[in-house]
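These notes are about the structure you will find just below.
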Amino acid sequence: MDVDQQTHPYIALHDVPEDKIEIVPGASADLTSVTFSIKEEDHTLGNALRWCIMQNPQVDFCGYSIPHPSEAKTHVRIQTTDSTNAIDSMNKGLDDLKAACQLIQAKLHQRVEEGNYARTA
Amino acid sequence: MALEDRNRVVILEDRVENISGAEFPLSFDAQQPSRSLEELKNSLDIKIVHITATEIEFDLIGVDASIANALRRIMLAEIPTMAIETVYMINNTGIVQDEILAHRLGLVPIMADPQDFNWKLPEDPPTDQNTIVFKMKVECMKNQSAAADETDPNKMYINSSVFSSQLDWDPKGDQATRFADKPIKPIHDDILITKLRPGQLIDCEIHCQKGVGKDHAKYSPVATASYRLLPEIQILEDITGDDAELFRNCFPPGVVEVVNEGGVRKAKVVNARKDTVSREVLRHKEFEGKVRLTRVRDHFIFNVESTGAISPETLVSRALDVLMEKCDISKAALAKAIKGDMSDE
C-alpha cells in the first residue's frame, strides 16, 4: 500500500521518516514476540493502537513505551499465541483503529446532520 | 465487581478507585467475547450539546480513553493551519524590537483554510500555492485636528496603536480569484500588535505558511480542546428533612434539588452533569454510606474551542482523518519494514 499527499492531506509526507517502522532486534524466530519501533509517533498513536491490539483475543500481551523523551519514537511490544504472529496482529490493530475512527466519524456526521442540538451564531 | 460498576470510576474522600478499565478479552471470565468492532458499533454514541461559530460541546460515549485522548491530542497539535512564519522587516523605528514584533505577529490567527494550500519545505520557493503574503506599513503622526489640551494618545495621534486589521493581504498569482468569496485576513481585527508615537513607523512583508501545533503553538487550530468524564451521584439511602437541604448545598446550583414527597422533603439528583465533583458531600458525617460519587469511564464530555479558522465540528472530523492517516502511513511503513527484513536474510 502506498500513501500519497493527495489522498492524505493532513500529514506532511515529506516529514515521514524513510524507516518509520523498524523491528527491534531480539524478536522471536516465529515472530510471535516482537517489539516494533515507530518513529515520529507518541502517545497519540501508541496508546490508541495498544488498546486496539489488546482487543484481539489472540494477543497475550501488548504494551507501548517511549524509551526516551528526547527521541521521537515509540516502542510497541506484542506477544501472541501460536495461532497468529505479532506482525499480523499489528496489521489488524491498525485496521481496527482505522475502522473505529470511521465509525466515530460516520456517527459524528450523522449527529451534525440531524441537527438535534442548540446552534447559535 | 458488579457488571454495572465496571465502567465507573469511584471517587472517595481521599482517593480515586477503579481508574483504569479492564475491558479486554478474557479479563473477567473465559467466555467474555472480545470487544470487537461490532460491539463498538453498538456501544458508540455521540450527543452534540451545542455548536456555535467557534465552540462545540459533545458527548463521546462508549469508546476507550486512549481514543478520546488521541482525538484531543491531535486537535491540539496535529491539525494543520496557516500562520505567519516569516516577517521581512523593511523598517521598524517603533519601540518594540524586530524579533518581539515578529513573534507577536506570528500569534495572530489567520482566516484561511489550510486545505487550500500545499506544505512548504524549507528549500521550496514561496509560491501562490504555499504562501500567503501580508504587507503592513504603518506610520504614526500627530493628529492636527486634535484639541490643544487633548491627553488621550488615541486622539492626539494617528496610528498610535497598531491593530491586526492593519495587515493588508497581498494576493499573489491566482489567489485573488481563488479566494474571491472568502478573502484572507486575520480572524480578529482588534488584536493590539504594538504602539507607536509620532515619527515612528513599521514597514514589513509577512509570509504565512502551513504548519502543525507540535512545531509551534501558533499553528494550533484550537484555543482549548479538553474532555472530562460524566459525573454521577448515586444516593444509596434516602436523604430527608434538613439533611436534604444540606445535601443540596454540597453541590453547585442545579445539581441536586429538594422535592416534597408525601410531606417529606427529600434530596433528588436532577443534573449530575453540572457537578464539579468537589467531594464536599463526603466531608459530612451524616451522609456516610448514603452517597456514592462516581464518573462514567466511557462517557467523555468534550469541549472544543476553535480559533475561528476551522469550524469546530470540522475540527473533530479532521482529527479523526489525521488518526486514520496515521494508521495508513504506519501500515505502509510496516509492509516496507517486513520487506526490508526479508531481503536482509
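By order of appearance in the C-alpha cells: chains A, B, ..., then residues from 1 within every chain, and ligands from 1 in the order shown.
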Looking only at the backbone, which of the residues in segment 154-338 of chain B does DSSP tag as helix (DSSP H, G or I), as a short mmCIF file (atom, residue, chain, number, x, y, z; two decimals) with C-alpha atoms, in the first residue's frame?
data_model
loop_
_atom_site.label_atom_id
_atom_site.label_comp_id
_atom_site.auth_asym_id
_atom_site.auth_seq_id
_atom_site.Cartn_x
_atom_site.Cartn_y
_atom_site.Cartn_z
CA ASN B 154 -5.66 57.71 20.56
CA LYS B 155 -6.99 61.20 19.74
CA MET B 156 -3.68 63.11 19.83
CA SER B 164 -4.27 43.25 13.35
CA SER B 165 -6.75 44.91 10.97
CA GLN B 166 -3.80 46.85 9.54
CA GLN B 175 -5.16 33.92 -5.12
CA ALA B 176 -7.40 36.94 -5.71
CA THR B 177 -9.79 34.82 -7.82
CA ARG B 178 -9.32 31.60 -5.81
CA ALA B 217 1.57 26.69 19.23
CA LYS B 218 0.66 29.43 16.73
CA TYR B 219 -0.34 26.63 14.31
CA ASP B 242 -32.85 19.32 56.94
CA ASP B 243 -30.20 16.90 55.73
CA ALA B 244 -31.70 17.18 52.27
CA GLU B 245 -31.09 20.95 52.28
CA LEU B 246 -27.52 20.43 53.50
CA PHE B 247 -27.04 17.77 50.82
CA ARG B 248 -28.24 20.11 48.10
CA ASN B 249 -25.87 22.83 49.29
CA ALA B 272 -25.20 15.41 37.78
CA ARG B 273 -23.54 16.70 34.61
CA LYS B 274 -23.21 20.15 36.21
CA GLU B 280 -17.71 18.41 49.64
CA VAL B 281 -20.52 15.91 50.34
CA LEU B 282 -18.01 13.30 51.52
CA ARG B 283 -16.82 15.57 54.34
CA LYS B 285 -20.66 12.53 58.65
CA GLU B 286 -24.46 12.49 58.13
CA PHE B 287 -24.07 11.28 54.54
CA PRO B 312 -15.44 23.34 15.48
CA GLU B 313 -17.35 20.35 14.08
CA THR B 314 -14.91 20.18 11.15
CA LEU B 315 -12.03 20.13 13.64
CA VAL B 316 -13.33 16.96 15.29
CA SER B 317 -13.86 15.34 11.91
CA ARG B 318 -10.35 16.31 10.78
CA ALA B 319 -8.85 14.92 13.98
CA LEU B 320 -10.34 11.55 13.02
CA ASP B 321 -8.95 11.97 9.49
CA VAL B 322 -5.49 12.57 10.93
CA LEU B 323 -5.69 9.45 13.09
CA MET B 324 -6.79 7.41 10.06
CA GLU B 325 -3.90 8.81 8.03
CA LYS B 326 -1.54 7.78 10.80
CA CYS B 327 -2.89 4.23 10.53
CA ASP B 328 -2.41 4.21 6.74
CA ILE B 329 1.11 5.58 6.94
CA SER B 330 2.10 3.11 9.66
CA LYS B 331 0.60 0.21 7.70
CA ALA B 332 2.59 1.13 4.60
CA ALA B 333 5.73 1.54 6.73
CA LEU B 334 5.18 -1.85 8.37
CA ALA B 335 4.84 -3.54 4.96
CA LYS B 336 8.08 -1.85 3.92
CA ALA B 337 9.88 -2.88 7.12
CA ILE B 338 8.93 -6.51 6.64
#
DSSP on the backbone: what in chain A comes out strand (DSSP E), as a list of chain:residue names?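 Here is the list: A:Ile21, A:Glu22, A:Ile23, A:Ser33, A:Val34, A:Thr35, A:Phe36, A:Ser37, A:Ile38, A:Lys39, A:Val59, A:Asp60, A:Phe61, A:Cys62, A:Gly63, A:Tyr64, A:Ser65, A:Lys73, A:Thr74, A:His75, A:Val76, A:Arg77, A:Ile78, A:Gln79, A:Thr80, A:Ala118, A:Arg119.
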Could you write those residues out with N, CA and C atoms, as a PDB file, in the first residue's frame?
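What ended up in out-v5.pdb:
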ATOM      1  N   ILE A  21       8.876   2.455  10.542  1.00  0.00           N
ATOM      2  CA  ILE A  21       8.740   1.328  11.472  1.00  0.00           C
ATOM      3  C   ILE A  21       9.934   0.404  11.307  1.00  0.00           C
ATOM      4  N   GLU A  22      10.511   0.013  12.443  1.00  0.00           N
ATOM      5  CA  GLU A  22      11.590  -0.969  12.436  1.00  0.00           C
ATOM      6  C   GLU A  22      11.247  -2.056  13.426  1.00  0.00           C
ATOM      7  N   ILE A  23      11.729  -3.271  13.145  1.00  0.00           N
ATOM      8  CA  ILE A  23      11.571  -4.346  14.120  1.00  0.00           C
ATOM      9  C   ILE A  23      12.832  -4.361  14.982  1.00  0.00           C
ATOM     10  N   SER A  33       6.684 -12.903  19.219  1.00  0.00           N
ATOM     11  CA  SER A  33       7.068 -11.869  20.199  1.00  0.00           C
ATOM     12  C   SER A  33       7.960 -10.854  19.511  1.00  0.00           C
ATOM     13  N   VAL A  34       7.417  -9.684  19.272  1.00  0.00           N
ATOM     14  CA  VAL A  34       8.147  -8.676  18.502  1.00  0.00           C
ATOM     15  C   VAL A  34       7.967  -7.310  19.155  1.00  0.00           C
ATOM     16  N   THR A  35       9.052  -6.526  19.164  1.00  0.00           N
ATOM     17  CA  THR A  35       8.928  -5.110  19.539  1.00  0.00           C
ATOM     18  C   THR A  35       9.108  -4.274  18.284  1.00  0.00           C
ATOM     19  N   PHE A  36       8.125  -3.424  18.020  1.00  0.00           N
ATOM     20  CA  PHE A  36       8.198  -2.521  16.869  1.00  0.00           C
ATOM     21  C   PHE A  36       8.637  -1.155  17.360  1.00  0.00           C
ATOM     22  N   SER A  37       9.487  -0.512  16.568  1.00  0.00           N
ATOM     23  CA  SER A  37       9.883   0.856  16.893  1.00  0.00           C
ATOM     24  C   SER A  37       9.266   1.777  15.851  1.00  0.00           C
ATOM     25  N   ILE A  38       8.370   2.659  16.272  1.00  0.00           N
ATOM     26  CA  ILE A  38       7.686   3.563  15.338  1.00  0.00           C
ATOM     27  C   ILE A  38       8.246   4.961  15.539  1.00  0.00           C
ATOM     28  N   LYS A  39       8.842   5.496  14.488  1.00  0.00           N
ATOM     29  CA  LYS A  39       9.457   6.834  14.605  1.00  0.00           C
ATOM     30  C   LYS A  39       8.423   7.938  14.429  1.00  0.00           C
ATOM     31  N   VAL A  59      -3.969 -12.059  21.165  1.00  0.00           N
ATOM     32  CA  VAL A  59      -2.800 -11.335  21.674  1.00  0.00           C
ATOM     33  C   VAL A  59      -2.687 -11.557  23.180  1.00  0.00           C
ATOM     34  N   ASP A  60      -1.536 -12.121  23.603  1.00  0.00           N
ATOM     35  CA  ASP A  60      -1.308 -12.368  25.031  1.00  0.00           C
ATOM     36  C   ASP A  60      -0.904 -11.091  25.748  1.00  0.00           C
ATOM     37  N   PHE A  61      -0.097 -10.303  25.060  1.00  0.00           N
ATOM     38  CA  PHE A  61       0.433  -9.099  25.697  1.00  0.00           C
ATOM     39  C   PHE A  61       0.635  -8.012  24.657  1.00  0.00           C
ATOM     40  N   CYS A  62       0.283  -6.807  25.021  1.00  0.00           N
ATOM     41  CA  CYS A  62       0.653  -5.659  24.188  1.00  0.00           C
ATOM     42  C   CYS A  62       0.883  -4.470  25.102  1.00  0.00           C
ATOM     43  N   GLY A  63       2.004  -3.797  24.898  1.00  0.00           N
ATOM     44  CA  GLY A  63       2.296  -2.604  25.689  1.00  0.00           C
ATOM     45  C   GLY A  63       3.111  -1.643  24.852  1.00  0.00           C
ATOM     46  N   TYR A  64       3.090  -0.388  25.250  1.00  0.00           N
ATOM     47  CA  TYR A  64       3.912   0.572  24.498  1.00  0.00           C
ATOM     48  C   TYR A  64       4.713   1.416  25.454  1.00  0.00           C
ATOM     49  N   SER A  65       5.820   1.946  24.952  1.00  0.00           N
ATOM     50  CA  SER A  65       6.616   2.853  25.777  1.00  0.00           C
ATOM     51  C   SER A  65       7.314   3.858  24.878  1.00  0.00           C
ATOM     52  N   LYS A  73      10.351   8.553  19.211  1.00  0.00           N
ATOM     53  CA  LYS A  73       9.933   7.221  18.780  1.00  0.00           C
ATOM     54  C   LYS A  73       9.174   6.500  19.885  1.00  0.00           C
ATOM     55  N   THR A  74       8.352   5.565  19.458  1.00  0.00           N
ATOM     56  CA  THR A  74       7.517   4.793  20.372  1.00  0.00           C
ATOM     57  C   THR A  74       7.780   3.319  20.138  1.00  0.00           C
ATOM     58  N   HIS A  75       7.956   2.567  21.202  1.00  0.00           N
ATOM     59  CA  HIS A  75       8.108   1.114  21.068  1.00  0.00           C
ATOM     60  C   HIS A  75       6.775   0.433  21.388  1.00  0.00           C
ATOM     61  N   VAL A  76       6.363  -0.487  20.528  1.00  0.00           N
ATOM     62  CA  VAL A  76       5.150  -1.268  20.785  1.00  0.00           C
ATOM     63  C   VAL A  76       5.551  -2.745  20.826  1.00  0.00           C
ATOM     64  N   ARG A  77       5.299  -3.367  21.949  1.00  0.00           N
ATOM     65  CA  ARG A  77       5.665  -4.777  22.136  1.00  0.00           C
ATOM     66  C   ARG A  77       4.404  -5.621  22.001  1.00  0.00           C
ATOM     67  N   ILE A  78       4.461  -6.644  21.180  1.00  0.00           N
ATOM     68  CA  ILE A  78       3.319  -7.548  21.014  1.00  0.00           C
ATOM     69  C   ILE A  78       3.783  -8.985  21.223  1.00  0.00           C
ATOM     70  N   GLN A  79       3.054  -9.728  22.034  1.00  0.00           N
ATOM     71  CA  GLN A  79       3.273 -11.175  22.165  1.00  0.00           C
ATOM     72  C   GLN A  79       1.936 -11.870  21.898  1.00  0.00           C
ATOM     73  N   THR A  80       1.981 -12.870  21.037  1.00  0.00           N
ATOM     74  CA  THR A  80       0.730 -13.519  20.641  1.00  0.00           C
ATOM     75  C   THR A  80       0.788 -15.019  20.924  1.00  0.00           C
ATOM     76  N   ALA A 118     -28.469  22.631  20.217  1.00  0.00           N
ATOM     77  CA  ALA A 118     -28.602  24.092  20.202  1.00  0.00           C
ATOM     78  C   ALA A 118     -27.537  24.657  19.284  1.00  0.00           C
ATOM     79  N   ARG A 119     -27.970  25.482  18.341  1.00  0.00           N
ATOM     80  CA  ARG A 119     -26.997  26.101  17.447  1.00  0.00           C
ATOM     81  C   ARG A 119     -27.132  27.611  17.522  1.00  0.00           C
TER      82      ARG A 119
END
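Considering the residues B:Gln200, B:Asp152, B:Ile61, B:Ala223 and counting only C-alpha atoms, Lys137 of chain B has its shortest atom-to-atom contact with B:Gln200.
As for atom CA of Val162 of chain B and atom CA of His188 of chain B, they are spaced 13.1 Å apart.
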Compute the set of chain A residues within 8 Å of chain B, using only C-alpha atoms, and express it as a PyMOL selection string. chain A and resi 1-3+8-12+19-23+38+43-45+47-48+51+54-57+91+94-105+107-108+111-112+116-121
